[in-house]
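Structure file my_file.pdb (PDB, C-alpha atoms) follows.
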```pdb
ATOM      1  CA  MET L  20      -3.573 -15.632  -5.467
ATOM      2  CA  GLU L  21      -4.585 -12.098  -4.587
ATOM      3  CA  ASN L  22      -1.635 -10.318  -3.118
ATOM      4  CA  ASP L  23      -1.519  -8.952   0.333
ATOM      5  CA  ARG L  24      -5.246  -8.851   0.763
ATOM      6  CA  ILE L  25      -8.122 -10.995   1.890
ATOM      7  CA  THR L  26     -11.628 -10.019   0.867
ATOM      8  CA  ARG L  27     -14.801 -11.724   2.096
ATOM      9  CA  GLN L  28     -18.430 -10.757   1.642
ATOM     10  CA  ILE L  29     -21.765 -11.635   3.164
ATOM     11  CA  GLN L  30     -25.326 -10.577   2.446
ATOM     12  CA  ILE L  31     -27.316  -9.661   5.553
ATOM     13  CA  ASP L  32     -31.101  -9.342   5.544
ATOM     14  CA  ALA L  33     -31.221  -6.105   7.520
ATOM     15  CA  ASP L  34     -30.718  -2.446   6.655
ATOM     16  CA  PRO L  35     -27.233  -0.900   6.951
ATOM     17  CA  GLN L  36     -28.128   0.929  10.174
ATOM     18  CA  HIS L  37     -28.809  -2.335  11.997
ATOM     19  CA  VAL L  38     -25.602  -3.843  10.688
ATOM     20  CA  TRP L  39     -23.741  -0.691  11.643
ATOM     21  CA  ASP L  40     -24.996  -0.904  15.225
ATOM     22  CA  ALA L  41     -23.739  -4.479  15.548
ATOM     23  CA  LEU L  42     -20.408  -3.402  14.084
ATOM     24  CA  SER L  43     -19.684  -0.099  15.794
ATOM     25  CA  ASP L  44     -21.004  -0.798  19.264
ATOM     26  CA  SER L  45     -18.152  -2.572  20.992
ATOM     27  CA  GLU L  46     -20.481  -4.618  23.163
ATOM     28  CA  GLN L  47     -22.454  -5.956  20.189
ATOM     29  CA  PHE L  48     -19.222  -6.369  18.223
ATOM     30  CA  GLY L  49     -17.944  -8.564  21.029
ATOM     31  CA  GLN L  50     -20.949 -10.859  20.808
ATOM     32  CA  TRP L  51     -20.313 -12.009  17.257
ATOM     33  CA  PHE L  52     -16.567 -11.508  17.161
ATOM     34  CA  ARG L  53     -16.325 -13.343  20.470
ATOM     35  CA  VAL L  54     -14.308 -10.827  22.397
ATOM     36  CA  LYS L  55     -14.954  -8.950  25.632
ATOM     37  CA  LEU L  56     -13.906  -5.362  24.954
ATOM     38  CA  ASP L  57     -13.029  -2.955  27.773
ATOM     39  CA  GLY L  58     -14.376   0.153  26.057
ATOM     40  CA  PRO L  59     -15.939   1.674  22.943
ATOM     41  CA  PHE L  60     -14.368   2.162  19.501
ATOM     42  CA  VAL L  61     -13.180   5.762  19.230
ATOM     43  CA  VAL L  62     -11.293   7.093  16.183
ATOM     44  CA  GLY L  63      -7.592   7.393  16.935
ATOM     45  CA  GLU L  64      -7.855   5.456  20.166
ATOM     46  CA  THR L  65      -6.867   1.992  21.275
ATOM     47  CA  THR L  66      -9.457  -0.543  22.342
ATOM     48  CA  THR L  67      -8.346  -3.450  24.501
ATOM     49  CA  GLY L  68     -10.074  -6.611  25.606
ATOM     50  CA  LYS L  69      -9.885 -10.364  25.895
ATOM     51  CA  MET L  70     -11.028 -12.979  23.430
ATOM     52  CA  THR L  71     -13.923 -15.221  24.417
ATOM     53  CA  TYR L  72     -13.554 -17.442  21.330
ATOM     54  CA  PRO L  73     -13.570 -21.111  22.402
ATOM     55  CA  GLY L  74     -10.006 -22.317  22.608
ATOM     56  CA  HIS L  75      -8.633 -18.773  22.639
ATOM     57  CA  GLU L  76     -10.260 -17.484  25.819
ATOM     58  CA  GLY L  77      -8.294 -14.737  27.502
ATOM     59  CA  VAL L  78      -6.032 -13.934  24.536
ATOM     60  CA  PRO L  79      -5.562 -10.146  24.589
ATOM     61  CA  TRP L  80      -7.267  -8.011  21.949
ATOM     62  CA  THR L  81      -5.790  -4.703  20.821
ATOM     63  CA  SER L  82      -7.120  -2.514  18.030
ATOM     64  CA  ILE L  83      -6.714   1.100  16.983
ATOM     65  CA  THR L  84      -9.790   2.615  15.385
ATOM     66  CA  GLN L  85      -8.990   4.467  12.160
ATOM     67  CA  VAL L  86     -12.314   5.378  10.568
ATOM     68  CA  MET L  87     -15.939   5.317  11.688
ATOM     69  CA  GLU L  88     -18.257   6.495   8.983
ATOM     70  CA  PRO L  89     -21.820   5.466   9.838
ATOM     71  CA  PRO L  90     -23.423   3.469   8.370
ATOM     72  CA  LYS L  91     -20.797   2.791   5.706
ATOM     73  CA  ARG L  92     -17.243   2.186   6.781
ATOM     74  CA  PHE L  93     -15.420   0.965   9.865
ATOM     75  CA  ILE L  94     -11.640   0.617   9.763
ATOM     76  CA  PHE L  95      -9.285  -0.530  12.467
ATOM     77  CA  ARG L  96      -5.733  -1.791  12.718
ATOM     78  CA  TRP L  97      -4.679  -4.738  14.816
ATOM     79  CA  PRO L  98      -1.339  -6.365  15.502
ATOM     80  CA  ASP L  99      -0.303  -9.630  13.884
ATOM     81  CA  ILE L 100       1.050 -11.305  16.993
ATOM     82  CA  LYS L 101       1.049 -14.807  18.330
ATOM     83  CA  GLN L 102      -0.358 -15.752  21.680
ATOM     84  CA  GLY L 103       1.960 -14.602  24.437
ATOM     85  CA  GLU L 104       3.842 -12.200  22.163
ATOM     86  CA  ASP L 105       4.035  -8.526  23.129
ATOM     87  CA  ILE L 106       3.483  -5.564  20.836
ATOM     88  CA  GLY L 107       6.807  -3.943  19.984
ATOM     89  CA  PRO L 108       8.475  -1.709  17.405
ATOM     90  CA  ASN L 109       8.715  -4.672  15.015
ATOM     91  CA  THR L 110       5.082  -5.669  15.284
ATOM     92  CA  ILE L 111       3.237  -5.829  12.004
ATOM     93  CA  TRP L 112      -0.115  -4.081  12.005
ATOM     94  CA  MET L 113      -2.866  -5.328   9.732
ATOM     95  CA  THR L 114      -5.690  -3.149   8.509
ATOM     96  CA  VAL L 115      -9.262  -4.408   8.628
ATOM     97  CA  VAL L 116     -11.918  -2.571   6.612
ATOM     98  CA  PHE L 117     -15.645  -3.224   6.880
ATOM     99  CA  THR L 118     -17.755  -1.703   4.107
ATOM    100  CA  LEU L 119     -21.562  -1.703   4.139
ATOM    101  CA  GLN L 120     -23.502  -1.300   0.899
ATOM    102  CA  PRO L 121     -27.289  -1.056   0.899
ATOM    103  CA  GLN L 122     -28.927  -3.683  -1.283
ATOM    104  CA  GLU L 123     -32.476  -4.566  -2.019
ATOM    105  CA  GLY L 124     -33.785  -6.133   1.150
ATOM    106  CA  GLY L 125     -30.526  -5.897   3.002
ATOM    107  CA  THR L 126     -26.872  -4.993   3.219
ATOM    108  CA  LEU L 127     -23.790  -6.327   1.520
ATOM    109  CA  VAL L 128     -20.945  -6.468   4.035
ATOM    110  CA  THR L 129     -17.390  -6.618   2.699
ATOM    111  CA  VAL L 130     -14.385  -7.165   4.914
ATOM    112  CA  THR L 131     -10.837  -6.778   3.675
ATOM    113  CA  GLU L 132      -7.696  -7.453   5.648
ATOM    114  CA  THR L 133      -4.407  -6.105   4.312
ATOM    115  CA  GLY L 134      -0.798  -5.929   5.420
ATOM    116  CA  PHE L 135       0.479  -9.473   4.903
ATOM    117  CA  ALA L 136       3.404  -8.251   2.838
ATOM    118  CA  ALA L 137       4.605  -5.773   5.425
ATOM    119  CA  LEU L 138       7.988  -6.694   6.850
ATOM    120  CA  PRO L 139       9.122  -5.888  10.366
ATOM    121  CA  LYS L 140      11.100  -2.631  10.381
ATOM    122  CA  GLU L 141      14.319  -4.265  11.505
ATOM    123  CA  GLN L 142      14.343  -7.046   8.905
ATOM    124  CA  GLY L 143      12.611  -4.998   6.248
ATOM    125  CA  ALA L 144      15.426  -2.495   6.056
ATOM    126  CA  SER L 145      18.139  -5.051   5.372
ATOM    127  CA  LEU L 146      16.102  -7.438   3.259
ATOM    128  CA  LEU L 147      14.925  -4.776   0.898
ATOM    129  CA  ARG L 148      17.925  -2.515   0.855
ATOM    130  CA  ASP L 149      18.609  -3.339  -2.772
ATOM    131  CA  ASN L 150      14.998  -3.224  -3.745
ATOM    132  CA  THR L 151      13.827   0.339  -3.320
ATOM    133  CA  GLU L 152      12.219   0.254  -6.743
ATOM    134  CA  GLY L 153      10.068  -2.782  -6.048
ATOM    135  CA  TRP L 154       9.313  -1.675  -2.563
ATOM    136  CA  GLU L 155       7.923   1.632  -3.745
ATOM    137  CA  ILE L 156       5.515  -0.201  -6.012
ATOM    138  CA  GLN L 157       4.564  -2.439  -3.118
ATOM    139  CA  THR L 158       3.896   0.505  -0.839
ATOM    140  CA  ALA L 159       1.816   2.123  -3.556
ATOM    141  CA  ASN L 160      -0.218  -1.093  -3.875
ATOM    142  CA  LEU L 161      -0.752  -1.137  -0.166
ATOM    143  CA  LYS L 162      -1.790   2.488  -0.175
ATOM    144  CA  THR L 163      -4.385   1.864  -2.865
ATOM    145  CA  HIS L 164      -5.646  -1.111  -0.918
ATOM    146  CA  VAL L 165      -6.022   0.847   2.242
ATOM    147  CA  GLU L 166      -7.558   3.874   0.596
ATOM    148  CA  THR L 167     -10.112   2.137  -1.547
TER     149      THR L 167
ATOM    150  CA  MET S  19       6.052 -21.031   7.484
ATOM    151  CA  SER S  20       7.111 -18.185   9.768
ATOM    152  CA  LYS S  21       5.551 -14.756   9.695
ATOM    153  CA  LEU S  22       8.707 -13.359   8.120
ATOM    154  CA  ASP S  23       8.743 -16.051   5.403
ATOM    155  CA  ARG S  24       5.140 -15.282   4.674
ATOM    156  CA  ALA S  25       5.751 -11.544   4.479
ATOM    157  CA  LEU S  26       8.718 -12.180   2.173
ATOM    158  CA  VAL S  27       6.542 -14.237  -0.162
ATOM    159  CA  PHE S  28       3.758 -11.660  -0.280
ATOM    160  CA  ALA S  29       6.216  -8.794  -0.669
ATOM    161  CA  ALA S  30       8.005 -10.672  -3.449
ATOM    162  CA  LEU S  31       4.735 -11.263  -5.272
ATOM    163  CA  GLY S  32       3.620  -7.673  -4.879
ATOM    164  CA  ASP S  33       5.408  -6.466  -7.977
ATOM    165  CA  PRO S  34       4.353  -6.912 -11.624
ATOM    166  CA  VAL S  35       7.907  -7.443 -12.889
ATOM    167  CA  ARG S  36       8.558 -10.201 -10.377
ATOM    168  CA  LEU S  37       5.249 -11.858 -11.165
ATOM    169  CA  GLU S  38       6.213 -11.862 -14.839
ATOM    170  CA  LEU S  39       9.662 -13.239 -14.027
ATOM    171  CA  LEU S  40       8.168 -15.973 -11.867
ATOM    172  CA  ALA S  41       5.790 -16.953 -14.673
ATOM    173  CA  ARG S  42       8.701 -17.125 -17.129
ATOM    174  CA  ILE S  43      10.796 -19.171 -14.708
ATOM    175  CA  SER S  44       7.919 -21.606 -14.206
ATOM    176  CA  ASP S  45       8.028 -22.133 -17.951
ATOM    177  CA  GLY S  46      11.765 -22.827 -17.649
ATOM    178  CA  GLY S  47      14.361 -20.427 -18.903
ATOM    179  CA  SER S  48      17.865 -19.047 -18.740
ATOM    180  CA  ILE S  49      18.576 -15.517 -17.574
ATOM    181  CA  THR S  50      18.958 -14.415 -21.189
ATOM    182  CA  LYS S  51      15.490 -15.676 -21.998
ATOM    183  CA  LEU S  52      14.131 -14.137 -18.838
ATOM    184  CA  THR S  53      15.317 -10.662 -19.631
ATOM    185  CA  ALA S  54      14.270 -10.730 -23.283
ATOM    186  CA  ASP S  55      11.880  -7.875 -24.137
ATOM    187  CA  LEU S  56      11.479  -6.728 -20.539
ATOM    188  CA  PRO S  57      11.602  -2.921 -20.390
ATOM    189  CA  ILE S  58      14.154  -2.919 -17.559
ATOM    190  CA  THR S  59      17.907  -3.351 -17.264
ATOM    191  CA  ARG S  60      19.552  -6.678 -16.622
ATOM    192  CA  GLN S  61      20.747  -5.359 -13.250
ATOM    193  CA  ALA S  62      17.176  -4.609 -12.281
ATOM    194  CA  VAL S  63      16.185  -8.132 -13.307
ATOM    195  CA  THR S  64      18.972  -9.552 -11.156
ATOM    196  CA  ARG S  65      17.720  -7.535  -8.201
ATOM    197  CA  HIS S  66      14.191  -8.834  -8.659
ATOM    198  CA  LEU S  67      15.462 -12.398  -8.983
ATOM    199  CA  ARG S  68      17.316 -12.010  -5.705
ATOM    200  CA  ILE S  69      14.081 -10.986  -3.987
ATOM    201  CA  LEU S  70      12.289 -14.029  -5.423
ATOM    202  CA  GLU S  71      15.157 -16.223  -4.299
ATOM    203  CA  ARG S  72      15.098 -14.812  -0.765
ATOM    204  CA  ALA S  73      11.413 -15.580  -0.559
ATOM    205  CA  GLU S  74      12.347 -19.109  -1.701
ATOM    206  CA  LEU S  75       9.977 -18.855  -4.634
ATOM    207  CA  ILE S  76      12.875 -19.773  -6.938
ATOM    208  CA  VAL S  77      16.303 -21.376  -6.661
ATOM    209  CA  SER S  78      19.266 -20.604  -8.862
ATOM    210  CA  GLN S  79      21.524 -23.240 -10.342
ATOM    211  CA  ARG S  80      24.816 -22.585 -12.051
ATOM    212  CA  ASN S  81      25.182 -24.546 -15.256
ATOM    213  CA  GLY S  82      28.654 -23.880 -16.622
ATOM    214  CA  ARG S  83      28.717 -20.199 -17.449
ATOM    215  CA  GLU S  84      25.001 -19.807 -17.335
ATOM    216  CA  MET S  85      22.716 -19.276 -14.384
ATOM    217  CA  ARG S  86      19.422 -21.093 -14.456
ATOM    218  CA  PHE S  87      16.403 -20.578 -12.244
ATOM    219  CA  VAL S  88      13.860 -23.101 -11.080
ATOM    220  CA  ALA S  89      10.500 -22.279  -9.524
ATOM    221  CA  ARG S  90       9.566 -23.717  -6.127
ATOM    222  CA  PRO S  91       5.788 -23.971  -6.008
ATOM    223  CA  ALA S  92       5.836 -25.259  -2.412
ATOM    224  CA  ARG S  93       6.184 -21.738  -1.060
ATOM    225  CA  LEU S  94       3.271 -20.475  -3.124
ATOM    226  CA  ILE S  95       1.088 -23.355  -1.996
ATOM    227  CA  GLU S  96       1.964 -22.706   1.648
ATOM    228  CA  ALA S  97       1.160 -19.013   1.361
ATOM    229  CA  LYS S  98      -2.077 -19.785  -0.422
ATOM    230  CA  GLY S  99      -3.042 -22.288   2.303
ATOM    231  CA  TRP S 100      -2.423 -19.690   4.959
ATOM    232  CA  LEU S 101      -4.556 -17.108   3.123
ATOM    233  CA  ASP S 102      -7.338 -19.688   2.797
ATOM    234  CA  ASP S 103      -7.257 -20.319   6.558
ATOM    235  CA  VAL S 104      -7.575 -16.634   7.347
ATOM    236  CA  ALA S 105     -10.370 -16.286   4.784
ATOM    237  CA  GLN S 106     -12.210 -19.181   6.405
ATOM    238  CA  GLN S 107     -11.939 -17.571   9.833
ATOM    239  CA  TRP S 108     -13.480 -14.399   8.405
ATOM    240  CA  ASP S 109     -16.326 -16.416   6.869
ATOM    241  CA  GLY S 110     -17.132 -17.821  10.300
ATOM    242  CA  THR S 111     -16.957 -14.391  11.916
ATOM    243  CA  LEU S 112     -19.168 -12.761   9.261
ATOM    244  CA  GLY S 113     -21.622 -15.642   9.579
ATOM    245  CA  ARG S 114     -21.997 -14.885  13.281
ATOM    246  CA  LEU S 115     -22.537 -11.175  12.518
ATOM    247  CA  LYS S 116     -25.309 -12.112  10.081
ATOM    248  CA  LEU S 117     -26.984 -14.384  12.631
ATOM    249  CA  LEU S 118     -26.894 -11.749  15.346
ATOM    250  CA  VAL S 119     -28.247  -8.910  13.187
ATOM    251  CA  GLU S 120     -30.987 -10.958  11.565
ATOM    252  CA  ARG S 121     -32.097 -12.482  14.858
ATOM    253  CA  LYS S 122     -32.338  -9.044  16.452
ATOM    254  CA  LYS S 123     -34.411  -7.622  13.647
ATOM    255  CA  THR S 124     -37.236 -10.105  14.151
TER     256      THR S 124
END
```
Any chance you could put this one into structure tokens?
Amino acid sequence: MENDRITRQIQIDADPQHVWDALSDSEQFGQWFRVKLDGPFVVGETTTGKMTYPGHEGVPWTSITQVMEPPKRFIFRWPDIKQGEDIGPNTIWMTVVFTLQPQEGGTLVTVTETGFAALPKEQGASLLRDNTEGWEIQTANLKTHVET
Amino acid sequence: MSKLDRALVFAALGDPVRLELLARISDGGSITKLTADLPITRQAVTRHLRILERAELIVSQRNGREMRFVARPARLIEAKGWLDDVAQQWDGTLGRLKLLVERKKT
């Protein structure tokens, strides 16, 4: 099992610019992600909305845009919360990275989601008090994940 | 499996020493065997074992004077199942992105 990271890829028969438009434009994003977003993706800012995914209609969407590097990289963070749960100081934030690579006749899209090993602040402090050594390695892993 | 349990499992697995320890425990072994030729102190090993135990990836059993550890694959399987679910959701989402972009192009 790959730790703390999910990676999926898909080949799209269109150039990176077309893929980028569908990714970075919040209205187009909403069409395939099945979410109605209230505004655009802006680096450093929060985007809110409501899911339109069948069975999850109306579930709030929150994301914070981290990186927009057309037509290559789009990174945002979103909270790992259950339906009806509010975002609080103990909320775990996952990082989602979309990477576009030009390929002959199309674009290779890679998505990675990281942050599964992050512990809520409150519990994390007590659970890992005697584990600073291991935790530092873990944080370093996470950092490499996020930065690559 | 709660979110915290899940995070504990992934955090526990996110360390090369603990992965090695878990592999050795799966093969069966006493704490003496576990620590053999590891480049860290026995105290450090104990700390790592405690983390694995908290994540319920192993259980300890006292056998006379010696402590034995047994692996619990159930936790690993659960975590793996959860990862697979999330991966599947992403496959569906990416599939819809592909459809939209390719349809638009033509």
Could you list, as a list in words, every residue within 7 Å of range 62-79 of chain S, counting all atoms listed in the file and ignoring same-chain residues fewer than 4 positions away?
Asp149 and Asn150 of chain L; Asp23, Leu26, Val27, Ala30, Arg36, Thr53, Ile58, Met85, Arg86, Phe87, Val88, Ala89, Arg90, Pro91 and Arg93 of chain S
Pull out every residue that the PyMOL selection byres ((chain S) within 8 of (chain L)) matches in the shown coordinates and put them as a list in words.
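On this input, the PyMOL selection byres ((chain S) within 8 of (chain L)) captures Leu22, Arg24, Ala25, Leu26, Val27, Phe28, Ala29, Leu31, Gly32, Asp33, Arg65, His66, Ile69, Lys98, Leu101, Val104, Ala105, Trp108, Asp109, Thr111, Leu112, Gly113, Arg114, Leu115, Lys116, Leu118, Val119, Glu120 and Lys123 of chain S.
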Need the axis-aligned box for range 76-92 of chain S with 3 Å each side, so what are the centre and edges in Å to one decimal, as AutoDock Vina command-line options?
```
--center_x 17.3 --center_y -22.3 --center_z -9.9 --size_x 28.9 --size_y 12.0 --size_z 21.0
```
For the file shown, what are the residues hit by the PyMOL selection byres ((chain L and resi 88) around 12), laid out as a ChimeraX atom specification?
/L:35-36,39-40,42-43,61-62,84-87,89-95,116-119
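Here CA of Ser44 in chain S stands at a distance of 16.6 Å from CA of Leu56 in chain S.
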Rounded to one decimal, what separation in Å do you get between CA of Pro79 in chain L and CA of Lys55 in chain L?
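A separation of 9.5 Å between them.
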From the set L:Thr110, L:Ser45, L:Gln102, L:Thr65, which residue has the shortest atom-to-atom contact distance to Val78 in chain L, counting all atoms listed in the file?
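Result for the nearest residue to Val78 in chain L: L:Gln102.
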Hits from the PyMOL selection byres ((chain L and resi 77) around 12), listed as a list in words
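Matching residues under the PyMOL selection byres ((chain L and resi 77) around 12) are Arg53, Val54, Lys55, Leu56, Thr67, Gly68, Lys69, Met70, Thr71, Tyr72, Pro73, Gly74, His75, Glu76, Val78, Pro79, Trp80, Gln102 and Gly103 of chain L.
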How many Å separate CA of Gly124 in chain L from CA of Gly49 in chain L?
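Between CA of Gly124 in chain L and CA of Gly49 in chain L the gap works out to 25.5 Å.
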Between L:Thr114, L:Ser82, L:Asn109, L:Thr126, which is the closest to Lys21 in chain S once you count all atoms listed in the file?
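Among the listed residues, the smallest separation from Lys21 in chain S belongs to L:Asn109.
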